[in-house]
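*Asks:* Okay, here's the structure, questions in a sec.
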Amino acid sequence: MTDHSVADAGLDTPDDIGGNGRKYRPGRIRERNREKILQAAEQEFALHGYKGATIQSIAERADLPKSNVLYYFSNKDRIYSAMLDDILGRWNQVFSDIRPEDDPARALASFIRAKVEMSRQFPLASRLFATEIIQGAPFLMDHLRTDLREWVRGRAAVIQQWIDEGRMAPVDPVQLIFLIWSSTQHYADFQVQILMVENKAEYEQRDFDHAAEFLIDVILRGCGLEKPA
């Protein structure tokens with residue numbers, strides 16, 4: 001039987017040794033288990049809400065002992081906060097590394113396309129985030145005031161430089177980011193409404209492809225940019 005206390009600490013165990021005797025990098029099990037817990041938490045919070053979800057139900061969905069879950073996260077609040085942070089990081093990763101020397105049209109198009117794809121792959125995550133914000137962001141307030149505020153300011157500064165250099169139309173950079181967030185997340189948060197209006201039982205891949213291309217075309221034209229080939 002595997003010693004969970006050793007595995008949780010991210011130390012090498014027999015499971016960390018490959019068939020050729022080569023050890024995987026330290027902490028591999030720790031990262032894998034943390035990811036499993038957050039994925040399970042996303043499902044449980046979406047199905048049962050914050051009050052209805054329990055650490056035991058999250059552990060069972062993650063196929064881990066409850067003690068393992070408590071090793072990583074001491075209580076449900078910490079699981080919930082970490083899950084929301086993970087959602088935000090996942091959403092904004094593509095746009096995090098933009099630089100002044102990048103092509104504005106390509107950078108913005110990539111961000112829009114990635115955000116629409118996130119709505120396709122992780123609709124529950126988008127709805128959980130929307131619920132948190134609607135409730136006044138009790139678990140995300142510190143993150144919004146600090147990390148996210150700085151993230152937006154950093155991206156807005158790059159967009160403003162593109163504008164100052166005459167590479168795109170003079171738009172409000174922060175409002176542009178808000179527009180991309182809201183328009184792309186709409187396809188996850190208001191899925192039922194969209195499907196009813198379009199008389200569809202469920203989304204297909206082509207629906208998201210079409211939505212992404214439509215948003216790229218409209219938003220880039222509003223920025224005085226041509227859609228990348």
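If you're wondering about the labels, chains in the structure tokens are A, B, ... by order shown, residues count from 1 in each chain, ligands from 1 in order shown.
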Could you name the residues that touch A:Gln93 at 12 Å or less, counting only C-alpha atoms, but leaving out those on the same chain fewer than 3 positions away, as a compact mmCIF listing (two decimals) with N, CA and C atoms, in the first residue's frame?

*Replies:*
```txt
# COMPACT_ATOMS: atom_id res chain seq x y z
N ASP A 85 -9.20 30.92 -8.55
CA ASP A 85 -7.91 31.44 -9.05
C ASP A 85 -7.46 30.66 -10.27
N ASP A 86 -7.67 29.33 -10.23
CA ASP A 86 -7.29 28.48 -11.35
C ASP A 86 -8.08 28.82 -12.59
N ILE A 87 -9.37 29.10 -12.42
CA ILE A 87 -10.23 29.48 -13.55
C ILE A 87 -9.73 30.77 -14.19
N LEU A 88 -9.44 31.77 -13.37
CA LEU A 88 -8.97 33.05 -13.90
C LEU A 88 -7.64 32.89 -14.64
N GLY A 89 -6.73 32.13 -14.06
CA GLY A 89 -5.44 31.91 -14.70
C GLY A 89 -5.58 31.22 -16.04
N ARG A 90 -6.47 30.24 -16.09
CA ARG A 90 -6.73 29.49 -17.32
C ARG A 90 -7.28 30.42 -18.41
N SER A 96 -1.57 36.87 -21.32
CA SER A 96 -0.66 37.32 -20.26
C SER A 96 0.71 37.74 -20.78
N ASP A 97 1.13 37.13 -21.89
CA ASP A 97 2.50 37.35 -22.37
C ASP A 97 2.58 38.32 -23.54
N ILE A 98 1.53 39.10 -23.78
CA ILE A 98 1.60 40.05 -24.90
C ILE A 98 2.70 41.09 -24.65
N SER A 110 -6.07 35.91 -31.10
CA SER A 110 -5.72 34.71 -30.33
C SER A 110 -6.41 34.69 -28.97
N PHE A 111 -6.48 35.86 -28.33
CA PHE A 111 -7.14 35.95 -27.03
C PHE A 111 -8.63 35.64 -27.16
N ILE A 112 -9.28 36.22 -28.15
CA ILE A 112 -10.71 35.99 -28.35
C ILE A 112 -10.98 34.51 -28.65
N ALA A 114 -9.16 31.92 -27.94
CA ALA A 114 -8.88 31.08 -26.76
C ALA A 114 -9.99 31.19 -25.74
N LYS A 115 -10.54 32.40 -25.55
CA LYS A 115 -11.61 32.57 -24.57
C LYS A 115 -12.90 31.87 -25.01
N MET A 118 -12.39 28.31 -24.24
CA MET A 118 -12.57 28.05 -22.81
C MET A 118 -14.05 27.91 -22.46
N TRP A 151 -3.05 42.72 -13.47
CA TRP A 151 -3.03 42.04 -14.78
C TRP A 151 -3.68 42.93 -15.83
N ARG A 155 -1.89 44.61 -19.23
CA ARG A 155 -2.34 44.38 -20.61
C ARG A 155 -2.81 45.69 -21.25
```

*Asks:* Residues near A:Asp207, anyone? I mean within 12 Å using only C-alpha atoms, not counting same-chain ones fewer than 3 positions away, as a ChimeraX atom specification.

*Replies:* /A:116-117,119-120,187,191,194-195,198,200,202-204,210-214

*Asks:* For the residues selected in the previous step, produce a file with C-alpha atoms as a compact mmCIF listing (two decimals), in the first residue's frame.

*Replies:*
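What follows is the written file selection_18.txt:
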```
# COMPACT_ATOMS: atom_id res chain seq x y z
CA VAL A 116 -14.37 31.15 -26.77
CA GLU A 117 -12.64 27.77 -26.60
CA SER A 119 -16.34 28.56 -22.87
CA ARG A 120 -16.63 25.36 -24.89
CA TYR A 187 -21.57 31.39 -24.70
CA GLN A 191 -25.94 28.61 -22.93
CA ILE A 194 -28.67 30.77 -26.80
CA LEU A 195 -29.73 27.17 -27.49
CA GLU A 198 -31.32 29.11 -32.01
CA LYS A 200 -30.72 23.68 -30.80
CA GLU A 202 -26.78 21.37 -27.72
CA TYR A 203 -23.73 23.17 -29.04
CA GLU A 204 -21.56 21.78 -31.80
CA HIS A 210 -18.45 30.58 -35.92
CA ALA A 211 -18.81 32.60 -32.70
CA ALA A 212 -15.04 33.06 -32.43
CA GLU A 213 -14.68 34.23 -36.03
CA PHE A 214 -17.67 36.58 -35.67
```

*Asks:* For A:His48, find every residue with an atom within 12 Å (counting only C-alpha atoms), except residues of its own chain fewer than 6 positions away, and show them as a ChimeraX atom specification.

*Replies:* /A:41-42,54,57-58,124,128

*Asks:* To one decimal in Å, tell me the separation between atom CA of A:Pro173 and atom CA of A:Val158.

*Replies:*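 That distance, rounded to one decimal, is 8.8 Å.
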
*Asks:* What's the 10 Å shell around stretch 99-109 of chain A, counting only C-alpha atoms, without same-chain residues fewer than 5 positions away, as JSON, numbers by chain?

*Replies:* {"A": [94, 114, 115, 154, 155, 157, 158, 159, 160, 161, 162, 163, 165, 167, 168, 176, 177, 180, 212, 213, 215, 216, 217, 219, 220, 221, 223, 224, 225, 226, 227, 228, 229]}

*Asks:* Keeping N, CA, C and O atoms, export the residues of the selection given above as a compact mmCIF listing (two decimals), in the first residue's frame.

*Replies:*
```
# COMPACT_ATOMS: atom_id res chain seq x y z
N VAL A 94 -3.45 33.12 -22.26
CA VAL A 94 -3.03 33.43 -23.63
C VAL A 94 -2.63 34.89 -23.78
O VAL A 94 -1.73 35.22 -24.54
N ALA A 114 -9.16 31.92 -27.94
CA ALA A 114 -8.88 31.08 -26.76
C ALA A 114 -9.99 31.19 -25.74
O ALA A 114 -10.38 30.20 -25.11
N LYS A 115 -10.54 32.40 -25.55
CA LYS A 115 -11.61 32.57 -24.57
C LYS A 115 -12.90 31.87 -25.01
O LYS A 115 -13.61 31.31 -24.17
N GLY A 154 -1.54 45.93 -16.71
CA GLY A 154 -0.39 45.55 -17.54
C GLY A 154 -0.77 45.34 -18.99
O GLY A 154 -0.09 45.81 -19.91
N ARG A 155 -1.89 44.61 -19.23
CA ARG A 155 -2.34 44.38 -20.61
C ARG A 155 -2.81 45.69 -21.25
O ARG A 155 -2.56 45.95 -22.43
N ALA A 157 -1.72 48.64 -20.67
CA ALA A 157 -0.56 49.46 -21.01
C ALA A 157 0.01 49.07 -22.37
O ALA A 157 0.43 49.93 -23.16
N VAL A 158 0.03 47.77 -22.65
CA VAL A 158 0.53 47.32 -23.95
C VAL A 158 -0.42 47.77 -25.06
O VAL A 158 0.02 48.26 -26.11
N ILE A 159 -1.71 47.61 -24.83
CA ILE A 159 -2.69 48.05 -25.83
C ILE A 159 -2.57 49.55 -26.08
O ILE A 159 -2.61 50.02 -27.22
N GLN A 160 -2.39 50.32 -25.00
CA GLN A 160 -2.23 51.77 -25.14
C GLN A 160 -1.00 52.11 -25.96
O GLN A 160 -1.00 53.06 -26.75
N GLN A 161 0.07 51.33 -25.80
CA GLN A 161 1.28 51.58 -26.59
C GLN A 161 1.01 51.32 -28.07
O GLN A 161 1.48 52.06 -28.93
N TRP A 162 0.25 50.27 -28.36
CA TRP A 162 -0.13 50.01 -29.76
C TRP A 162 -0.90 51.21 -30.32
O TRP A 162 -0.69 51.61 -31.46
N ILE A 163 -1.78 51.76 -29.50
CA ILE A 163 -2.58 52.91 -29.92
C ILE A 163 -1.68 54.13 -30.14
O ILE A 163 -1.77 54.82 -31.16
N GLU A 165 1.34 54.26 -30.91
CA GLU A 165 2.20 54.06 -32.07
C GLU A 165 1.41 54.06 -33.38
O GLU A 165 1.98 53.87 -34.46
N ARG A 167 -0.86 51.93 -34.32
CA ARG A 167 -1.03 50.58 -34.86
C ARG A 167 -2.46 50.08 -34.72
O ARG A 167 -2.79 49.01 -35.23
N MET A 168 -3.30 50.79 -34.00
CA MET A 168 -4.71 50.46 -33.89
C MET A 168 -5.49 51.71 -33.50
O MET A 168 -4.88 52.73 -33.10
N LEU A 176 -11.99 47.50 -23.65
CA LEU A 176 -11.78 46.47 -24.66
C LEU A 176 -11.61 45.09 -24.01
O LEU A 176 -12.19 44.10 -24.46
N ILE A 177 -10.84 45.04 -22.93
CA ILE A 177 -10.66 43.78 -22.21
C ILE A 177 -12.00 43.31 -21.63
O ILE A 177 -12.35 42.12 -21.71
N ILE A 180 -14.12 41.78 -24.39
CA ILE A 180 -13.68 40.43 -24.78
C ILE A 180 -14.09 39.42 -23.72
O ILE A 180 -14.59 38.33 -24.03
N ALA A 212 -16.39 32.49 -32.56
CA ALA A 212 -15.04 33.06 -32.43
C ALA A 212 -14.72 33.94 -33.63
O ALA A 212 -14.22 35.07 -33.47
N GLU A 213 -14.99 33.45 -34.83
CA GLU A 213 -14.68 34.23 -36.03
C GLU A 213 -15.53 35.50 -36.10
O GLU A 213 -15.06 36.56 -36.51
N LEU A 215 -16.79 37.24 -33.50
CA LEU A 215 -16.30 38.20 -32.51
C LEU A 215 -14.96 38.80 -32.93
O LEU A 215 -14.73 40.00 -32.76
N ILE A 216 -14.09 37.99 -33.49
CA ILE A 216 -12.81 38.50 -33.96
C ILE A 216 -13.03 39.57 -35.02
O ILE A 216 -12.43 40.65 -34.98
N ASP A 217 -13.91 39.28 -35.97
CA ASP A 217 -14.18 40.22 -37.06
C ASP A 217 -14.75 41.54 -36.53
O ASP A 217 -14.26 42.63 -36.87
N ILE A 219 -14.86 42.81 -33.31
CA ILE A 219 -14.03 43.52 -32.34
C ILE A 219 -12.81 44.14 -33.01
O ILE A 219 -12.45 45.29 -32.74
N LEU A 220 -12.17 43.40 -33.91
CA LEU A 220 -10.99 43.95 -34.57
C LEU A 220 -11.35 45.13 -35.47
O LEU A 220 -10.61 46.12 -35.53
N ARG A 221 -12.48 45.04 -36.15
CA ARG A 221 -12.89 46.18 -36.97
C ARG A 221 -13.14 47.41 -36.11
O ARG A 221 -12.83 48.54 -36.51
N CYS A 223 -11.54 48.14 -33.59
CA CYS A 223 -10.21 48.62 -33.18
C CYS A 223 -9.41 49.12 -34.38
O CYS A 223 -8.21 49.41 -34.23
N GLY A 224 -10.04 49.18 -35.54
CA GLY A 224 -9.34 49.65 -36.73
C GLY A 224 -8.32 48.65 -37.25
O GLY A 224 -7.33 49.02 -37.89
N LEU A 225 -8.57 47.36 -37.01
CA LEU A 225 -7.63 46.31 -37.39
C LEU A 225 -8.28 45.36 -38.39
O LEU A 225 -9.50 45.17 -38.40
N GLU A 226 -7.46 44.77 -39.21
CA GLU A 226 -7.94 43.74 -40.14
C GLU A 226 -7.77 42.38 -39.52
O GLU A 226 -6.79 42.11 -38.82
N LYS A 227 -8.71 41.51 -39.79
CA LYS A 227 -8.66 40.14 -39.28
C LYS A 227 -7.45 39.42 -39.88
O LYS A 227 -7.26 39.44 -41.09
N PRO A 228 -6.63 38.77 -39.04
CA PRO A 228 -5.45 38.08 -39.55
C PRO A 228 -5.85 36.95 -40.49
O PRO A 228 -6.90 36.32 -40.32
N ALA A 229 -5.02 36.69 -41.48
CA ALA A 229 -5.29 35.60 -42.41
C ALA A 229 -5.24 34.28 -41.66
O ALA A 229 -4.38 34.09 -40.81
```

*Asks:* Report the residues of stretch 1-227 of chain A whose backbone DSSP state falls under alpha helix (DSSP H), written as a ChimeraX atom specification.

*Replies:* /A:4-8,28-52,55-62,66-72,76-96,104-121,123-134,141-143,149-164,173-189,191-197,205-222

*Asks:* One decimal, Å: what's the distance from atom CA of A:Gly52 over to atom CA of A:Pro123, could you say?

*Replies:*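 These two atoms are separated by 19.7 Å.
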
*Asks:* Give me the residues near A:Gly222 as a ChimeraX atom specification, where near means some atom within 9 Å (using only C-alpha atoms) and where sequence neighbours in that chain fewer than 4 positions away do not count.

*Replies:* /A:169,171,217-218

*Asks:* Using only C-alpha atoms, which of A:Ile79, A:Thr131, A:Gln121, A:Phe73 sits nearest A:Ala40?

*Replies:* A:Ile79
